[in-house]
>>> print(open('upload.cif').read())   # mmCIF, C-alpha atoms, pLDDT in the B column; chains and numbers go by the auth columns
data_run
loop_
_atom_site.group_PDB
_atom_site.id
_atom_site.type_symbol
_atom_site.label_atom_id
_atom_site.label_comp_id
_atom_site.label_asym_id
_atom_site.label_seq_id
_atom_site.Cartn_x
_atom_site.Cartn_y
_atom_site.Cartn_z
_atom_site.B_iso_or_equiv
_atom_site.auth_seq_id
_atom_site.auth_asym_id
ATOM 1 C CA ARG A 1 0.327 10.724 6.004 62.00 1 G
ATOM 2 C CA LEU A 2 -3.118 9.278 6.747 61.00 2 G
ATOM 3 C CA TYR A 3 -3.139 10.656 10.267 52.00 3 G
ATOM 4 C CA HIS A 4 -2.202 14.188 9.176 63.00 4 G
ATOM 5 C CA HIS A 5 -4.859 15.175 6.629 54.00 5 G
ATOM 6 C CA VAL A 6 -8.637 15.450 6.362 57.00 6 G
ATOM 7 C CA GLY A 7 -9.255 12.916 3.606 58.00 7 G
ATOM 8 C CA PHE A 8 -7.320 14.610 0.846 58.00 8 G
ATOM 9 C CA ALA A 9 -3.927 16.236 0.454 56.00 9 G
ATOM 10 C CA PRO A 10 -3.996 19.433 -1.630 57.00 10 G
ATOM 11 C CA ILE A 11 -0.215 19.432 -2.168 60.00 11 G
ATOM 12 C CA SER A 12 -0.272 15.851 -3.498 60.00 12 G
ATOM 13 C CA ILE A 13 -3.227 16.631 -5.744 58.00 13 G
ATOM 14 C CA GLY A 14 -1.478 19.754 -7.062 58.00 14 G
ATOM 15 C CA ARG A 15 1.757 17.854 -7.699 57.00 15 G
ATOM 16 C CA ALA A 16 -0.123 15.117 -9.548 56.00 16 G
ATOM 17 C CA LEU A 17 -2.014 17.700 -11.605 59.00 17 G
ATOM 18 C CA VAL A 18 1.223 19.399 -12.679 58.00 18 G
ATOM 19 C CA VAL A 19 2.870 16.071 -13.587 53.00 19 G
ATOM 20 C CA ASN A 20 -0.207 14.891 -15.471 52.00 20 G
ATOM 21 C CA LEU A 21 -0.522 18.147 -17.410 57.00 21 G
ATOM 22 C CA TYR A 22 3.183 18.047 -18.245 65.00 22 G
ATOM 23 C CA THR A 23 3.088 14.410 -19.416 61.00 23 G
ATOM 24 C CA ARG A 24 -0.399 14.716 -20.910 63.00 24 G
ATOM 25 C CA SER A 25 -1.359 11.483 -19.180 59.00 25 G
ATOM 26 C CA TYR A 26 -2.515 10.137 -15.851 61.00 26 G
ATOM 27 C CA ALA A 27 1.077 9.416 -14.814 53.00 27 G
ATOM 28 C CA GLU A 28 0.606 10.311 -11.161 54.00 28 G
ATOM 29 C CA GLY A 29 -2.272 9.908 -8.719 60.00 29 G
ATOM 30 C CA GLY A 30 -1.971 11.985 -5.568 56.00 30 G
ATOM 31 C CA SER A 31 -4.831 10.138 -3.871 79.00 31 G
ATOM 32 C CA THR A 32 -4.860 9.607 -0.133 85.00 32 G
ATOM 33 C CA ILE A 33 -5.841 6.330 1.505 87.00 33 G
ATOM 34 C CA PRO A 34 -9.421 7.603 2.118 89.00 34 G
ATOM 35 C CA GLN A 35 -9.677 8.622 -1.551 87.00 35 G
ATOM 36 C CA GLN A 36 -8.390 5.224 -2.696 88.00 36 G
ATOM 37 C CA LEU A 37 -10.807 3.483 -0.330 93.00 37 G
ATOM 38 C CA ALA A 38 -13.678 5.586 -1.671 89.00 38 G
ATOM 39 C CA LYS A 39 -12.668 4.663 -5.231 88.00 39 G
ATOM 40 C CA ASN A 40 -12.465 0.972 -4.366 88.00 40 G
ATOM 41 C CA LEU A 41 -15.807 0.931 -2.561 89.00 41 G
ATOM 42 C CA CYS A 42 -17.901 3.310 -4.655 87.00 42 G
ATOM 43 C CA PHE A 43 -16.442 3.914 -8.100 84.00 43 G
ATOM 44 C CA THR A 44 -14.926 2.253 -11.141 75.00 44 G
ATOM 45 C CA GLN A 45 -11.213 2.312 -11.829 75.00 45 G
ATOM 46 C CA GLU A 46 -11.821 4.637 -14.802 77.00 46 G
ATOM 47 C CA LYS A 47 -9.499 7.621 -14.723 70.00 47 G
ATOM 48 C CA ALA A 48 -11.709 10.665 -15.103 72.00 48 G
ATOM 49 C CA LEU A 49 -11.662 14.127 -13.584 72.00 49 G
ATOM 50 C CA VAL A 50 -15.336 13.913 -12.573 79.00 50 G
ATOM 51 C CA ARG A 51 -14.662 10.687 -10.675 77.00 51 G
ATOM 52 C CA LYS A 52 -11.692 12.329 -8.929 77.00 52 G
ATOM 53 C CA PHE A 53 -13.944 15.117 -7.619 81.00 53 G
ATOM 54 C CA ALA A 54 -16.524 12.570 -6.490 86.00 54 G
ATOM 55 C CA GLU A 55 -13.724 10.713 -4.672 85.00 55 G
ATOM 56 C CA LEU A 56 -12.878 13.884 -2.737 84.00 56 G
ATOM 57 C CA PHE A 57 -16.423 14.156 -1.405 87.00 57 G
ATOM 58 C CA ALA A 58 -16.635 10.441 -0.649 90.00 58 G
ATOM 59 C CA ALA A 59 -13.263 10.548 1.150 88.00 59 G
ATOM 60 C CA HIS A 60 -14.475 13.444 3.259 88.00 60 G
ATOM 61 C CA ALA A 61 -17.623 11.467 4.139 92.00 61 G
ATOM 62 C CA LEU A 62 -15.480 8.481 5.167 93.00 62 G
ATOM 63 C CA GLU A 63 -13.371 10.759 7.371 90.00 63 G
ATOM 64 C CA GLU A 64 -16.507 12.078 9.068 93.00 64 G
ATOM 65 C CA ARG A 65 -17.929 8.622 9.739 95.00 65 G
ATOM 66 C CA TYR A 66 -14.874 6.503 10.591 95.00 66 G
ATOM 67 C CA THR A 67 -11.718 6.885 12.643 94.00 67 G
ATOM 68 C CA LYS A 68 -8.338 6.879 10.899 92.00 68 G
ATOM 69 C CA ASP A 69 -7.675 3.360 12.218 95.00 69 G
ATOM 70 C CA GLU A 70 -11.022 2.131 10.855 96.00 70 G
ATOM 71 C CA ILE A 71 -10.261 3.688 7.460 94.00 71 G
ATOM 72 C CA LEU A 72 -6.865 1.989 7.395 94.00 72 G
ATOM 73 C CA GLU A 73 -8.445 -1.343 8.335 96.00 73 G
ATOM 74 C CA LEU A 74 -11.062 -1.015 5.590 96.00 74 G
ATOM 75 C CA TYR A 75 -8.339 -0.058 3.123 95.00 75 G
ATOM 76 C CA ILE A 76 -5.994 -2.977 3.802 96.00 76 G
ATOM 77 C CA ASN A 77 -8.955 -5.351 3.642 96.00 77 G
ATOM 78 C CA THR A 78 -10.053 -4.142 0.193 95.00 78 G
ATOM 79 C CA ILE A 79 -6.845 -3.464 -1.761 95.00 79 G
ATOM 80 C CA TYR A 80 -5.180 -5.774 -4.246 96.00 80 G
ATOM 81 C CA TYR A 81 -1.896 -7.439 -3.269 96.00 81 G
ATOM 82 C CA GLY A 82 -1.130 -9.178 -6.565 95.00 82 G
ATOM 83 C CA SER A 83 -1.377 -12.820 -7.654 93.00 83 G
ATOM 84 C CA GLY A 84 -5.164 -12.780 -7.315 95.00 84 G
ATOM 85 C CA TYR A 85 -5.223 -11.762 -3.625 96.00 85 G
ATOM 86 C CA THR A 86 -7.532 -8.965 -2.504 96.00 86 G
ATOM 87 C CA GLY A 87 -7.376 -7.966 1.152 97.00 87 G
ATOM 88 C CA ILE A 88 -4.691 -8.612 3.721 97.00 88 G
ATOM 89 C CA GLU A 89 -6.180 -11.912 4.920 98.00 89 G
ATOM 90 C CA ALA A 90 -6.212 -13.408 1.420 97.00 90 G
ATOM 91 C CA ALA A 91 -2.686 -12.130 0.764 96.00 91 G
ATOM 92 C CA ALA A 92 -1.357 -13.525 4.061 95.00 92 G
ATOM 93 C CA ARG A 93 -2.918 -16.932 3.420 94.00 93 G
ATOM 94 C CA GLY A 94 -2.018 -16.970 -0.265 93.00 94 G
ATOM 95 C CA TYR A 95 1.587 -15.878 0.028 91.00 95 G
ATOM 96 C CA PHE A 96 2.534 -17.309 3.431 91.00 96 G
ATOM 97 C CA GLY A 97 -0.127 -19.851 4.429 92.00 97 G
ATOM 98 C CA VAL A 98 -1.064 -18.054 7.657 94.00 98 G
ATOM 99 C CA GLY A 99 -3.800 -15.690 8.757 97.00 99 G
ATOM 100 C CA ALA A 100 -2.990 -11.991 8.842 97.00 100 G
ATOM 101 C CA ALA A 101 -2.844 -12.039 12.651 97.00 101 G
ATOM 102 C CA TYR A 102 0.082 -14.486 12.453 97.00 102 G
ATOM 103 C CA LEU A 103 2.283 -12.622 9.988 96.00 103 G
ATOM 104 C CA THR A 104 5.871 -12.052 11.047 94.00 104 G
ATOM 105 C CA PRO A 105 7.412 -8.575 10.803 95.00 105 G
ATOM 106 C CA VAL A 106 9.319 -9.709 7.686 95.00 106 G
ATOM 107 C CA GLN A 107 6.107 -10.919 6.066 94.00 107 G
ATOM 108 C CA CYS A 108 4.312 -7.701 7.043 96.00 108 G
ATOM 109 C CA THR A 109 6.954 -5.523 5.395 96.00 109 G
ATOM 110 C CA LEU A 110 6.949 -7.714 2.293 95.00 110 G
ATOM 111 C CA LEU A 111 3.174 -7.363 1.971 96.00 111 G
ATOM 112 C CA ALA A 112 3.220 -3.638 2.809 96.00 112 G
ATOM 113 C CA GLY A 113 5.217 -2.950 -0.330 96.00 113 G
ATOM 114 C CA LEU A 114 2.901 -4.727 -2.746 96.00 114 G
ATOM 115 C CA PRO A 115 -0.085 -2.334 -3.077 94.00 115 G
ATOM 116 C CA GLN A 116 1.944 0.373 -4.833 91.00 116 G
ATOM 117 C CA ALA A 117 2.262 -1.896 -7.895 94.00 117 G
ATOM 118 C CA PRO A 118 0.827 -5.316 -6.979 96.00 118 G
ATOM 119 C CA THR A 119 1.561 -7.178 -10.182 94.00 119 G
ATOM 120 C CA ARG A 120 5.029 -5.713 -10.572 95.00 120 G
ATOM 121 C CA TYR A 121 6.088 -6.322 -6.957 95.00 121 G
ATOM 122 C CA SER A 122 4.396 -9.709 -6.503 93.00 122 G
ATOM 123 C CA PRO A 123 6.878 -12.360 -5.330 90.00 123 G
ATOM 124 C CA ASP A 124 5.306 -14.670 -7.913 89.00 124 G
ATOM 125 C CA ASN A 125 6.545 -12.374 -10.674 91.00 125 G
ATOM 126 C CA ASP A 126 9.871 -10.941 -9.519 91.00 126 G
ATOM 127 C CA PRO A 127 11.230 -11.945 -6.084 92.00 127 G
ATOM 128 C CA ALA A 128 14.244 -9.626 -6.443 92.00 128 G
ATOM 129 C CA LEU A 129 11.962 -6.650 -7.075 95.00 129 G
ATOM 130 C CA THR A 130 9.782 -7.733 -4.135 94.00 130 G
ATOM 131 C CA LEU A 131 12.857 -7.566 -1.903 95.00 131 G
ATOM 132 C CA GLN A 132 13.845 -4.154 -3.282 96.00 132 G
ATOM 133 C CA ARG A 133 10.385 -2.832 -2.516 97.00 133 G
ATOM 134 C CA GLN A 134 10.441 -4.404 0.960 96.00 134 G
ATOM 135 C CA ALA A 135 13.756 -2.631 1.610 97.00 135 G
ATOM 136 C CA GLU A 136 12.099 0.686 0.695 97.00 136 G
ATOM 137 C CA VAL A 137 9.313 -0.043 3.202 97.00 137 G
ATOM 138 C CA VAL A 138 11.775 -0.993 5.948 97.00 138 G
ATOM 139 C CA ASN A 139 13.964 2.043 5.299 97.00 139 G
ATOM 140 C CA ARG A 140 10.917 4.324 5.424 95.00 140 G
ATOM 141 C CA LEU A 141 9.926 2.779 8.766 96.00 141 G
ATOM 142 C CA ARG A 142 13.477 3.367 9.984 97.00 142 G
ATOM 143 C CA ARG A 143 13.523 6.958 8.711 96.00 143 G
ATOM 144 C CA ASP A 144 10.211 7.635 10.484 94.00 144 G
ATOM 145 C CA SER A 145 11.633 6.130 13.712 95.00 145 G
ATOM 146 C CA ILE A 146 9.094 3.302 13.748 95.00 146 G
ATOM 147 C CA LEU A 147 11.949 0.792 13.558 96.00 147 G
ATOM 148 C CA SER A 148 15.352 1.061 15.155 97.00 148 G
ATOM 149 C CA ASP A 149 18.459 0.598 13.021 97.00 149 G
ATOM 150 C CA ARG A 150 18.940 -2.832 14.561 97.00 150 G
ATOM 151 C CA GLU A 151 15.347 -3.922 13.859 97.00 151 G
ATOM 152 C CA ALA A 152 15.531 -2.657 10.281 97.00 152 G
ATOM 153 C CA GLU A 153 18.829 -4.445 9.631 96.00 153 G
ATOM 154 C CA HIS A 154 17.384 -7.677 11.029 96.00 154 G
ATOM 155 C CA LEU A 155 14.370 -7.452 8.709 95.00 155 G
ATOM 156 C CA LEU A 156 16.548 -6.698 5.695 95.00 156 G
ATOM 157 C CA GLU A 157 18.885 -9.604 6.504 94.00 157 G
ATOM 158 C CA THR A 158 16.132 -12.174 7.062 93.00 158 G
ATOM 159 C CA ALA A 159 13.755 -11.191 4.251 92.00 159 G
ATOM 160 C CA PRO A 160 15.609 -13.013 1.442 89.00 160 G
ATOM 161 C CA MET A 161 15.578 -16.280 3.421 86.00 161 G
ATOM 162 C CA ALA A 162 11.894 -15.920 4.304 82.00 162 G
ATOM 163 C CA LEU A 163 10.988 -15.209 0.691 82.00 163 G
ATOM 164 C CA HIS A 164 13.202 -18.056 -0.552 79.00 164 G
ATOM 165 C CA ARG A 165 11.490 -20.494 1.859 75.00 165 G
ATOM 166 C CA TRP A 166 8.085 -19.380 0.607 74.00 166 G
ATOM 167 C CA LEU A 167 9.104 -19.730 -3.038 76.00 167 G
ATOM 168 C CA GLN A 168 10.438 -23.263 -2.378 74.00 168 G
ATOM 169 C CA ASP A 169 7.314 -24.327 -0.460 69.00 169 G
ATOM 170 C CA PRO A 170 4.388 -22.003 -1.196 61.00 170 G
ATOM 171 C CA ALA A 171 1.359 -22.315 1.070 53.00 171 G
#
>>> encode(input="upload.cif", output="structure tokens")
Amino acid sequence: RLYHHVGFAPISIGRALVVNLYTRSYAEGGSTIPQQLAKNLCFTQEKALVRKFAELFAAHALEERYTKDEILELYINTIYYGSGYTGIEAAARGYFGVGAAYLTPVQCTLLAGLPQAPTRYSPDNDPALTLQRQAEVVNRLRRDSILSDREAEHLLETAPMALHRWLQDPA
């Protein structure tokens, strides 16, 4: 929902607050991409309420200075993709042996699923879980009409072979 908010999403923050109060833990985040970028660029990973408020102000400042596309570019170039790879270029080269500009749609959807839980979804750790997560990404793209049914089915059919080839001959 990056393109539909102003740096933070009050409903997501409220939902996360309710869940966290109920579980008495930091079980849910509710951070937007600008908030996560602000955290990655300016703050520690420590989970603290004060830091969360500071993130809100920093996210707003990012929104004032950069376009949504620039924020997304900064974000994908600074997030962790698992297996020691930070940033999309490192992940593309590390997982597939190509630069990010040369990723196939299958490779893009595989990588797009990793940031939610990079270690858990890393193909190095659990290829079957990587494919499950990739299917969630593809189905979301289909649901949002970014991919047609035919395109989505093609990606889902070819992903296991692409991942198998990489696992047999990593870059």
>>> residues_around(input="upload.cif", residues="Glu70 of chain G", least_positions_apart="4", cutoff="12 Å", atoms="only C-alpha atoms", output="PyMOL selection string")
chain G and resi 2-3+33-34+37+62-66+74-77
>>> residues_around(input="upload.cif", residues="Ala117 of chain G", least_positions_apart="4", cutoff="10 Å", atoms="all atoms listed in the file", output="PyMOL selection string")
chain G and resi 80-82+113+121-122+133
>>> closest_residue(input="upload.cif", among="G:Asn40, G:Glu153, G:Tyr95, G:Arg51", to="Arg165 of chain G", atoms="all atoms listed in the file")
G:Tyr95
>>> residues_near_point(input="upload.cif", point="(12.9, -10.2, 0.6)", cutoff="7 Å", atoms="all atoms listed in the file", output="ChimeraX atom specification")
/G:110,130-131,134,159-160,162-163
>>> closest_residue(input="upload.cif", among="G:Ala54, G:Ala135, G:Leu155, G:Ile79", to="Gln116 of chain G", atoms="all atoms listed in the file")
G:Ile79
